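In what follows, a structure is listed as structure tokens, so that the remarks can point back to it.
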Amino acid sequence: MKQNKILFPIFLMVVVPTLLTTFISFFRFSTTLDRKLSDALFHLLPSHHTFSKDIVIIDIDEQSIAKYADHPELGQWPWKRHIYPTLIGYTKLLTPPKFTMIDIMFTERSDYDDALVVANETLGEISHAANFRNGGIVIPRKGINDVSQKFSVPLVTDIPFPIYENASFPIGQIAETAPMVHVVNVISDSDGILRRFSPLVRWNGMYFPTLALQAFALGGAYKIETKDLNVYLEKEGTERIIPIGKDGLVRAYFYTEEELRNIPRYSAAGIIDSLEKLNSGEVEDPNTLLVPPKLFENKIVLIGTSAAATHDDVVTPHGLFPGVIAQAVFASNLIEGHLLKELPVSYGFLFTILVLFVGVLVLYINQWHLLKNIYPIFAVSFFIGLFYFLYRMDYVFSIYSFVFGFPVSYLLGFAYLTYTEGKEKRKFNHILRNLVDPEVVSVALENMESLKQGGEWEITAFFSDVAGFSSISEELSATDLAKLLNEYLSAMTKVLKANSGTLDKYIGDAIVGIFGAPIQNKEHPKLACKTALEMVKELEGLRKNWNERGDYTPLARAMVFRIGLNCGLAKVGFMGTDSLASYTMMGDTVNLAARLEAAAKDYGVSILVSENIELACRDTFSFRFLDWIRVKGKEAPVKIYSLESFKNQISPVSVKAFEEYDLGFSEYSKRNWEIAIEHFKNVSKILGKEDVSSQMLIKRCQTLFQNPPPVDWDGVYTRTSK
């Protein structure tokens, strides 16, 4: 394709979509849009991680509130604080859990704070919740500096972890005696959906661990350092690399909705009921309890709430869930290493641009039409496959540029292609309508590329010419000559098109036609023969009408023509310029047909055909063998025939005359000139009229009798003129 013809499609299919997606990226919602689209794909694609088996939840749920509605200590929210040591203590009846994390705030004084202080000092690995916030009134609390120093993480980093203005630690001695503290703040994206979390938050120049980081550390010592935008953690040989985004958050892997709803959650009411039965002696074997203590062995226990009005719901990619579920997800991510890294947006842009360029090649360079239609399916499938491949490696590929850019690109490209092809189709349609039957045109235009390219295949070349037309034209005025030609050419062209022939061109009174192109047709030799016979009949009708009307001159009214037919391989296609092109044919097959039309005059026949035509059509048409000739420009001899009629229409007299001619030609080939002459003379007698072919052979025999040919004479007559 010419350079100027590909530049505009590149502009439409690559530059315009790229500018559009770049423009969208300037708005803040583009990042949120990208995350929404990736959420949708996460829902469609198979999950490749499962929730950690180390995490369980003690849930103060609706059942817990309802069951103890009349209880003096449990009948109203918030519960008295001495209930929590009871819950924690129950989990430690047998093999204790690895770690206990409380997702409930104790930031105000209570009459039961001592119970939590005792639990901190006696029950071991417990982490309390801290809440940070921005704005509001800051009320200085005694000892807060000591508490913050105690629980801060010594770290020097350039990573922009979330910064808060105010901090709320557990009140008084609860914080002072707490083995560990974790921050429970979560940060939703701008669309209100919680997708990311941070391992650390910052307050007053210090860094504090979130629940997820504390769950990984299990309250013990760990190494932490940062490099670029990665946080490197190490604890007892277990390493984690946390890929932090530019705003200090990491994308969480949210598993499936089914897994979130099936996280092991045990009702606080069930634990209290089990403890009461155990204490009362109702049940001796703890394993038969409603919530047996063994469920918490070597687990990380989160104590949280899901009852209405006791917690803050969060919107996750799977819908609305209690905050403790989101915290459990973040903890599972860090414990198991299920962390997603959001790749730079530029990767998505580069991929999209590459796909758009390939789209240009598919639509405007590729010649396989099926690929033009299936490429969108292939491109989308490849995109989803790439996204899933990276997703399996815990990378999140930026997709909004493809989701917006590719449809826009392909629609613009296809629209322009449809316009240009329609323009070309209208041009070729205009040309072909004058050359071919309209039904053939419709089929030909179905494959524009093949039509434009052409090719080399089997065709039948058709040439016709009016005998002595120069003499006719000299007798007629310009007006009558134009009228005569119009009548003649219109009638003959109508017959040509009716038989699926293609008009190549007019050369004065001559007609050049093609059978078997632009629509390939195995029957092209027979269609050409049928056309030739019908043209002979059509000309008889024209002559009759001219004589009845007295039109033109006697010579014109006696008009006859000659036709030459040959079939074989030829090059066919549109040739010329973009503005002026014609569908034509070239090659030896075509040249021989033209020579046969000229030779028909010598033999006094209307239709002269090659041996190829006779072989292809002998079962349908009747042919008469005439001669072996060597046409000008060709060394190989050609066997020629006269097309007489349809096979079932040949008369017995003609059959007998043609047999006599064959006998004469046989003797001619054997150099028996006198015997050959007698047979040729008999032909005219049988037909009852002078046979031009026989008379020509008689003269040739007489010449050869007087001037015998050389010893290597092969009986082939060489024509010296075209």
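In the structure tokens, each chain is lettered A, B, ... as it comes, each chain's residues begin at 1, and ligands are numbered from 1 in order of appearance.
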
- [ ] Write down as a ChimeraX atom specification the residues of range 319-556 of chain A whose backbone DSSP state falls under alpha helix (DSSP H).
- [x] /A:323-336,345-364,369-392,400-433,438-444,448-453,469-475,478-498,524-549,554-556

Open item on the list: Which residues are close to Ile104 in chain A, i.e. within 10 Å by only C-alpha atoms, leaving aside same-chain residues fewer than 3 positions away? Reply as a list of chain:residue names.
Closed with: A:Pro78, A:Met101, A:Thr107, A:His128, A:Ala129, A:Ala130, A:Asn131, A:Pro170, A:Val184, A:Leu302, A:Ile303, A:Gly304, A:Thr305, A:Thr310, A:His311, A:Val324

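Residues within 12 Å of Val358 in chain A, counting only C-alpha atoms and excluding same-chain residues fewer than 3 positions away, are A:Pro9, A:Ile10, A:Met13, A:Val14, A:Phe351, A:Thr352, A:Ile353, A:Leu354, A:Val355, A:Leu361, A:Val362, A:Leu363, A:Tyr364, A:Ile365, A:Asn366, A:Leu371, A:Lys372, A:Tyr375, A:Pro376, A:Phe378, A:Ala379, A:Phe406, A:Ser409, A:Tyr410, A:Gly413.
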
Open item on the list: I want to know what sits within 7 Å of Asn298 in chain A, based on only C-alpha atoms, with residues of the same chain fewer than 5 positions away left out; could you give that as a PyMOL selection string?
Closed with: chain A and resi 96-98

Task: Picked from range 428-647 of chain A by DSSP as strand (DSSP E), as an NGL selection string - done: :A and (455-466 or 501-507 or 510-515 or 561-576 or 581-586 or 607-610 or 621-630 or 638-646)

Would you kindly return, as an mmCIF file with N, CA, C and O atoms, in the first residue's frame, each protein, DNA or RNA residue with an atom no farther than 9 Å from any atom of Thr720 in chain A, considering only C-alpha atoms and excluding same-chain residues fewer than 2 positions away?
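Writing done, so here's result35.cif:
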data_model
loop_
_atom_site.group_PDB
_atom_site.id
_atom_site.type_symbol
_atom_site.label_atom_id
_atom_site.label_comp_id
_atom_site.auth_asym_id
_atom_site.auth_seq_id
_atom_site.Cartn_x
_atom_site.Cartn_y
_atom_site.Cartn_z
ATOM 1 N N ARG A 630 0.400 -22.754 -38.213
ATOM 2 C CA ARG A 630 1.399 -22.144 -37.332
ATOM 3 C C ARG A 630 1.200 -20.634 -37.439
ATOM 4 O O ARG A 630 1.466 -20.045 -38.477
ATOM 5 N N VAL A 631 0.645 -20.039 -36.344
ATOM 6 C CA VAL A 631 0.320 -18.617 -36.395
ATOM 7 C C VAL A 631 1.581 -17.800 -36.238
ATOM 8 O O VAL A 631 2.615 -18.275 -35.737
ATOM 9 N N LYS A 632 1.522 -16.553 -36.641
ATOM 10 C CA LYS A 632 2.682 -15.674 -36.590
ATOM 11 C C LYS A 632 3.124 -15.464 -35.141
ATOM 12 O O LYS A 632 2.312 -15.173 -34.260
ATOM 13 N N THR A 718 1.922 -22.453 -42.406
ATOM 14 C CA THR A 718 2.408 -21.307 -41.633
ATOM 15 C C THR A 718 1.799 -20.028 -42.172
ATOM 16 O O THR A 718 1.987 -19.678 -43.344
ATOM 17 N N LYS A 722 -0.926 -11.670 -39.275
ATOM 18 C CA LYS A 722 -1.689 -11.846 -38.034
ATOM 19 C C LYS A 722 -3.149 -12.167 -38.319
ATOM 20 O O LYS A 722 -3.837 -12.759 -37.522
#

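Checking A:Ile65, A:Val314, A:Val16, A:Leu116 one by one against Asn185 in chain A, counting only C-alpha atoms, you find the shortest gap at A:Val314.
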
Open item on the list: I'd like the contact shell of Tyr266 in chain A - 12 Å cut-off, only C-alpha atoms, skipping same-chain residues fewer than 4 positions apart - returned as a PyMOL selection string.
Closed with: chain A and resi 55-61+63-64+87+91+262+270-274+290-293+295-296+301-306

Selection to disk with N, CA, C and O atoms, as an mmCIF file, in the first residue's frame:
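See selection.cif below for the written result:
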data_model
loop_
_atom_site.group_PDB
_atom_site.id
_atom_site.type_symbol
_atom_site.label_atom_id
_atom_site.label_comp_id
_atom_site.auth_asym_id
_atom_site.auth_seq_id
_atom_site.Cartn_x
_atom_site.Cartn_y
_atom_site.Cartn_z
ATOM 1 N N ILE A 55 -6.085 -17.780 60.194
ATOM 2 C CA ILE A 55 -6.862 -16.669 60.750
ATOM 3 C C ILE A 55 -8.290 -17.121 61.056
ATOM 4 O O ILE A 55 -8.964 -17.730 60.203
ATOM 5 N N VAL A 56 -8.739 -16.824 62.242
ATOM 6 C CA VAL A 56 -10.146 -17.031 62.630
ATOM 7 C C VAL A 56 -10.645 -15.755 63.300
ATOM 8 O O VAL A 56 -9.845 -14.931 63.764
ATOM 9 N N ILE A 57 -11.959 -15.622 63.358
ATOM 10 C CA ILE A 57 -12.569 -14.407 63.915
ATOM 11 C C ILE A 57 -13.541 -14.792 65.021
ATOM 12 O O ILE A 57 -14.357 -15.709 64.862
ATOM 13 N N ILE A 58 -13.426 -14.104 66.148
ATOM 14 C CA ILE A 58 -14.478 -14.168 67.174
ATOM 15 C C ILE A 58 -15.372 -12.965 66.923
ATOM 16 O O ILE A 58 -14.934 -11.815 67.026
ATOM 17 N N ASP A 59 -16.611 -13.241 66.591
ATOM 18 C CA ASP A 59 -17.510 -12.214 66.078
ATOM 19 C C ASP A 59 -18.620 -11.897 67.079
ATOM 20 O O ASP A 59 -19.388 -12.787 67.481
ATOM 21 N N ILE A 60 -18.656 -10.650 67.484
ATOM 22 C CA ILE A 60 -19.801 -10.186 68.278
ATOM 23 C C ILE A 60 -20.885 -9.842 67.268
ATOM 24 O O ILE A 60 -20.961 -8.731 66.746
ATOM 25 N N ASP A 61 -21.702 -10.819 66.955
ATOM 26 C CA ASP A 61 -22.669 -10.704 65.874
ATOM 27 C C ASP A 61 -24.062 -10.415 66.411
ATOM 28 O O ASP A 61 -24.267 -10.218 67.620
ATOM 29 N N GLN A 63 -26.502 -12.412 66.748
ATOM 30 C CA GLN A 63 -26.914 -13.464 67.678
ATOM 31 C C GLN A 63 -26.396 -13.185 69.085
ATOM 32 O O GLN A 63 -27.103 -13.390 70.076
ATOM 33 N N SER A 64 -25.163 -12.688 69.178
ATOM 34 C CA SER A 64 -24.575 -12.398 70.492
ATOM 35 C C SER A 64 -25.339 -11.292 71.207
ATOM 36 O O SER A 64 -25.567 -11.362 72.424
ATOM 37 N N LEU A 87 -13.373 -14.016 76.727
ATOM 38 C CA LEU A 87 -13.284 -14.575 75.373
ATOM 39 C C LEU A 87 -11.855 -15.001 75.054
ATOM 40 O O LEU A 87 -11.616 -16.083 74.511
ATOM 41 N N THR A 91 -10.002 -19.069 74.477
ATOM 42 C CA THR A 91 -9.207 -19.562 73.345
ATOM 43 C C THR A 91 -7.917 -20.218 73.809
ATOM 44 O O THR A 91 -7.274 -20.935 73.036
ATOM 45 N N ASN A 262 -17.017 -17.173 53.990
ATOM 46 C CA ASN A 262 -16.751 -18.426 54.703
ATOM 47 C C ASN A 262 -15.494 -18.369 55.560
ATOM 48 O O ASN A 262 -14.981 -19.412 55.968
ATOM 49 N N GLY A 270 -21.708 -18.021 71.216
ATOM 50 C CA GLY A 270 -21.411 -19.448 71.261
ATOM 51 C C GLY A 270 -20.277 -19.755 72.214
ATOM 52 O O GLY A 270 -20.292 -20.785 72.906
ATOM 53 N N ILE A 271 -19.272 -18.861 72.244
ATOM 54 C CA ILE A 271 -18.145 -19.073 73.160
ATOM 55 C C ILE A 271 -18.606 -18.925 74.607
ATOM 56 O O ILE A 271 -18.259 -19.739 75.479
ATOM 57 N N ILE A 272 -19.408 -17.892 74.887
ATOM 58 C CA ILE A 272 -19.909 -17.672 76.260
ATOM 59 C C ILE A 272 -20.770 -18.845 76.693
ATOM 60 O O ILE A 272 -20.666 -19.344 77.828
ATOM 61 N N ASP A 273 -21.609 -19.315 75.792
ATOM 62 C CA ASP A 273 -22.478 -20.451 76.101
ATOM 63 C C ASP A 273 -21.643 -21.702 76.360
ATOM 64 O O ASP A 273 -21.918 -22.460 77.302
ATOM 65 N N SER A 274 -20.623 -21.920 75.541
ATOM 66 C CA SER A 274 -19.756 -23.090 75.729
ATOM 67 C C SER A 274 -19.030 -23.014 77.065
ATOM 68 O O SER A 274 -18.880 -24.026 77.774
ATOM 69 N N LEU A 290 -20.273 -26.339 71.642
ATOM 70 C CA LEU A 290 -20.708 -25.652 70.423
ATOM 71 C C LEU A 290 -19.518 -25.010 69.720
ATOM 72 O O LEU A 290 -19.385 -25.087 68.493
ATOM 73 N N VAL A 291 -18.657 -24.363 70.487
ATOM 74 C CA VAL A 291 -17.418 -23.791 69.946
ATOM 75 C C VAL A 291 -16.267 -24.376 70.764
ATOM 76 O O VAL A 291 -15.866 -23.813 71.787
ATOM 77 N N PRO A 292 -15.720 -25.521 70.358
ATOM 78 C CA PRO A 292 -14.649 -26.140 71.143
ATOM 79 C C PRO A 292 -13.372 -25.307 71.109
ATOM 80 O O PRO A 292 -13.055 -24.693 70.084
ATOM 81 N N PRO A 293 -12.637 -25.251 72.197
ATOM 82 C CA PRO A 293 -11.415 -24.431 72.259
ATOM 83 C C PRO A 293 -10.362 -24.822 71.224
ATOM 84 O O PRO A 293 -9.534 -23.996 70.845
ATOM 85 N N LEU A 295 -10.555 -25.100 68.214
ATOM 86 C CA LEU A 295 -10.683 -24.326 66.971
ATOM 87 C C LEU A 295 -9.687 -23.173 66.914
ATOM 88 O O LEU A 295 -9.417 -22.637 65.829
ATOM 89 N N PHE A 296 -9.150 -22.783 68.078
ATOM 90 C CA PHE A 296 -8.267 -21.618 68.123
ATOM 91 C C PHE A 296 -6.796 -22.004 68.266
ATOM 92 O O PHE A 296 -5.943 -21.122 68.397
ATOM 93 N N VAL A 301 -6.163 -14.958 66.120
ATOM 94 C CA VAL A 301 -7.562 -14.694 66.458
ATOM 95 C C VAL A 301 -7.827 -13.200 66.391
ATOM 96 O O VAL A 301 -7.156 -12.401 67.055
ATOM 97 N N LEU A 302 -8.809 -12.838 65.550
ATOM 98 C CA LEU A 302 -9.266 -11.455 65.481
ATOM 99 C C LEU A 302 -10.591 -11.354 66.220
ATOM 100 O O LEU A 302 -11.511 -12.149 65.954
ATOM 101 N N ILE A 303 -10.670 -10.432 67.159
ATOM 102 C CA ILE A 303 -11.932 -10.201 67.868
ATOM 103 C C ILE A 303 -12.541 -8.923 67.312
ATOM 104 O O ILE A 303 -11.967 -7.830 67.418
ATOM 105 N N GLY A 304 -13.714 -9.068 66.687
ATOM 106 C CA GLY A 304 -14.367 -7.922 66.076
ATOM 107 C C GLY A 304 -15.868 -8.037 66.149
ATOM 108 O O GLY A 304 -16.407 -8.921 66.820
ATOM 109 N N THR A 305 -16.552 -7.137 65.476
ATOM 110 C CA THR A 305 -18.010 -7.100 65.541
ATOM 111 C C THR A 305 -18.601 -7.064 64.134
ATOM 112 O O THR A 305 -18.002 -6.535 63.197
ATOM 113 N N SER A 306 -19.795 -7.667 64.013
ATOM 114 C CA SER A 306 -20.545 -7.566 62.765
ATOM 115 C C SER A 306 -22.002 -7.215 63.014
ATOM 116 O O SER A 306 -22.776 -7.064 62.073
#

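Distance annotation: of A:Glu236, A:Thr21, A:Val655, A:Tyr717, the residue with the minimal separation from Ile640 in chain A is A:Tyr717; atom set is only C-alpha atoms.
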
Task: Pick from A:Asp602, A:Glu540, A:Glu474, A:Asp312 nearest to Leu555 in chain A, counting only C-alpha atoms - done: A:Glu474

Determine, counting only C-alpha atoms, which protein, DNA and RNA residues have an atom within 9 Å of an atom of range 42-46 of chain A; residues of the same chain fewer than 3 positions away are not included. Present the result as a tab-separated table (two decimals) with all heavy atoms, in the first residue's frame.
chain	number	residue	atom	x	y	z
A	37	LEU	N	-12.19	-1.43	36.43
A	37	LEU	CA	-12.12	-2.38	35.32
A	37	LEU	C	-11.36	-3.64	35.74
A	37	LEU	O	-11.76	-4.75	35.39
A	37	LEU	CB	-11.45	-1.72	34.12
A	37	LEU	CG	-12.23	-0.60	33.44
A	37	LEU	CD1	-11.36	0.13	32.43
A	37	LEU	CD2	-13.49	-1.14	32.77
A	38	SER	N	-10.28	-3.45	36.49
A	38	SER	CA	-9.53	-4.62	36.94
A	38	SER	C	-10.36	-5.44	37.92
A	38	SER	O	-10.30	-6.68	37.90
A	38	SER	CB	-8.20	-4.21	37.56
A	38	SER	OG	-8.39	-3.37	38.68
A	39	ASP	N	-11.15	-4.78	38.77
A	39	ASP	CA	-12.06	-5.51	39.67
A	39	ASP	C	-12.99	-6.42	38.87
A	39	ASP	O	-13.23	-7.58	39.24
A	39	ASP	CB	-12.90	-4.54	40.50
A	39	ASP	CG	-12.11	-3.90	41.62
A	39	ASP	OD1	-11.01	-4.40	41.94
A	39	ASP	OD2	-12.57	-2.88	42.17
A	255	TYR	N	-9.43	-12.25	47.21
A	255	TYR	CA	-9.94	-13.62	47.10
A	255	TYR	C	-11.29	-13.63	46.38
A	255	TYR	O	-11.50	-12.84	45.46
A	255	TYR	CB	-10.00	-14.27	48.49
A	255	TYR	CG	-8.69	-14.16	49.23
A	255	TYR	CD1	-8.49	-13.21	50.23
A	255	TYR	CD2	-7.64	-14.99	48.91
A	255	TYR	CE1	-7.27	-13.09	50.89
A	255	TYR	CE2	-6.40	-14.88	49.56
A	255	TYR	CZ	-6.23	-13.93	50.54
A	255	TYR	OH	-5.02	-13.82	51.17
A	256	THR	N	-12.18	-14.52	46.79
A	256	THR	CA	-13.52	-14.56	46.18
A	256	THR	C	-14.56	-14.20	47.23
A	256	THR	O	-14.32	-14.30	48.43
A	256	THR	CB	-13.82	-15.96	45.62
A	256	THR	OG1	-13.89	-16.90	46.72
A	256	THR	CG2	-12.75	-16.41	44.64
A	317	PRO	N	-14.41	-4.86	46.86
A	317	PRO	CA	-14.75	-5.22	45.48
A	317	PRO	C	-15.85	-6.27	45.39
A	317	PRO	O	-16.45	-6.45	44.33
A	317	PRO	CB	-13.42	-5.76	44.92
A	317	PRO	CG	-12.37	-5.06	45.70
A	317	PRO	CD	-12.95	-4.93	47.08
A	318	HIS	N	-16.11	-6.98	46.52
A	318	HIS	CA	-17.17	-7.99	46.54
A	318	HIS	C	-18.43	-7.49	47.23
A	318	HIS	O	-19.34	-8.28	47.49
A	318	HIS	CB	-16.68	-9.26	47.24
A	318	HIS	CG	-15.55	-9.95	46.52
A	318	HIS	ND1	-15.67	-10.42	45.24
A	318	HIS	CD2	-14.29	-10.23	46.92
A	318	HIS	CE1	-14.52	-10.97	44.86
A	318	HIS	NE2	-13.67	-10.86	45.86
A	388	TYR	N	-4.42	-12.00	32.66
A	388	TYR	CA	-4.52	-13.14	33.59
A	388	TYR	C	-3.14	-13.71	33.90
A	388	TYR	O	-2.85	-14.09	35.04
A	388	TYR	CB	-5.42	-14.21	33.02
A	388	TYR	CG	-5.63	-15.38	33.96
A	388	TYR	CD1	-6.16	-15.19	35.23
A	388	TYR	CD2	-5.26	-16.68	33.59
A	388	TYR	CE1	-6.34	-16.25	36.10
A	388	TYR	CE2	-5.43	-17.74	34.45
A	388	TYR	CZ	-5.97	-17.52	35.71
A	388	TYR	OH	-6.14	-18.57	36.57
A	391	TYR	N	-1.68	-11.42	36.28
A	391	TYR	CA	-2.45	-11.53	37.52
A	391	TYR	C	-2.01	-12.77	38.31
A	391	TYR	O	-1.89	-12.73	39.54
A	391	TYR	CB	-3.93	-11.60	37.17
A	391	TYR	CG	-4.88	-11.79	38.32
A	391	TYR	CD1	-4.80	-11.02	39.47
A	391	TYR	CD2	-5.90	-12.74	38.24
A	391	TYR	CE1	-5.69	-11.19	40.52
A	391	TYR	CE2	-6.80	-12.92	39.28
A	391	TYR	CZ	-6.69	-12.15	40.42
A	391	TYR	OH	-7.57	-12.31	41.44

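Considering only C-alpha atoms, the residue among A:Glu234, A:Glu342, A:Asp146, A:Asp662 positioned nearest to Leu249 in chain A is A:Glu342.
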
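Picture a line from CA of Ala115 in chain A to CA of Ala326 in chain A; it runs 28.2 Å.
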
- [ ] Could you tell me how far CA of Ser188 in chain A lies from CA of Phe254 in chain A, in Å and to one decimal?
- [x] 13.9 Å

Open item on the list: Let me make sure I understand: among A:Thr86, A:Ser198, A:Ser280, A:Ser610, which one has the smallest atom-to-atom distance to Ala268 in chain A if we use only C-alpha atoms?
Closed with: A:Thr86

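Between CA of Glu667 in chain A and CA of Val683 in chain A the separation is 14.3 Å.
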
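Distances here use only C-alpha atoms; by that measure, the residue among A:Thr31, A:Ser606, A:Ser694, A:Asn230 closest to Phe397 in chain A is A:Thr31.
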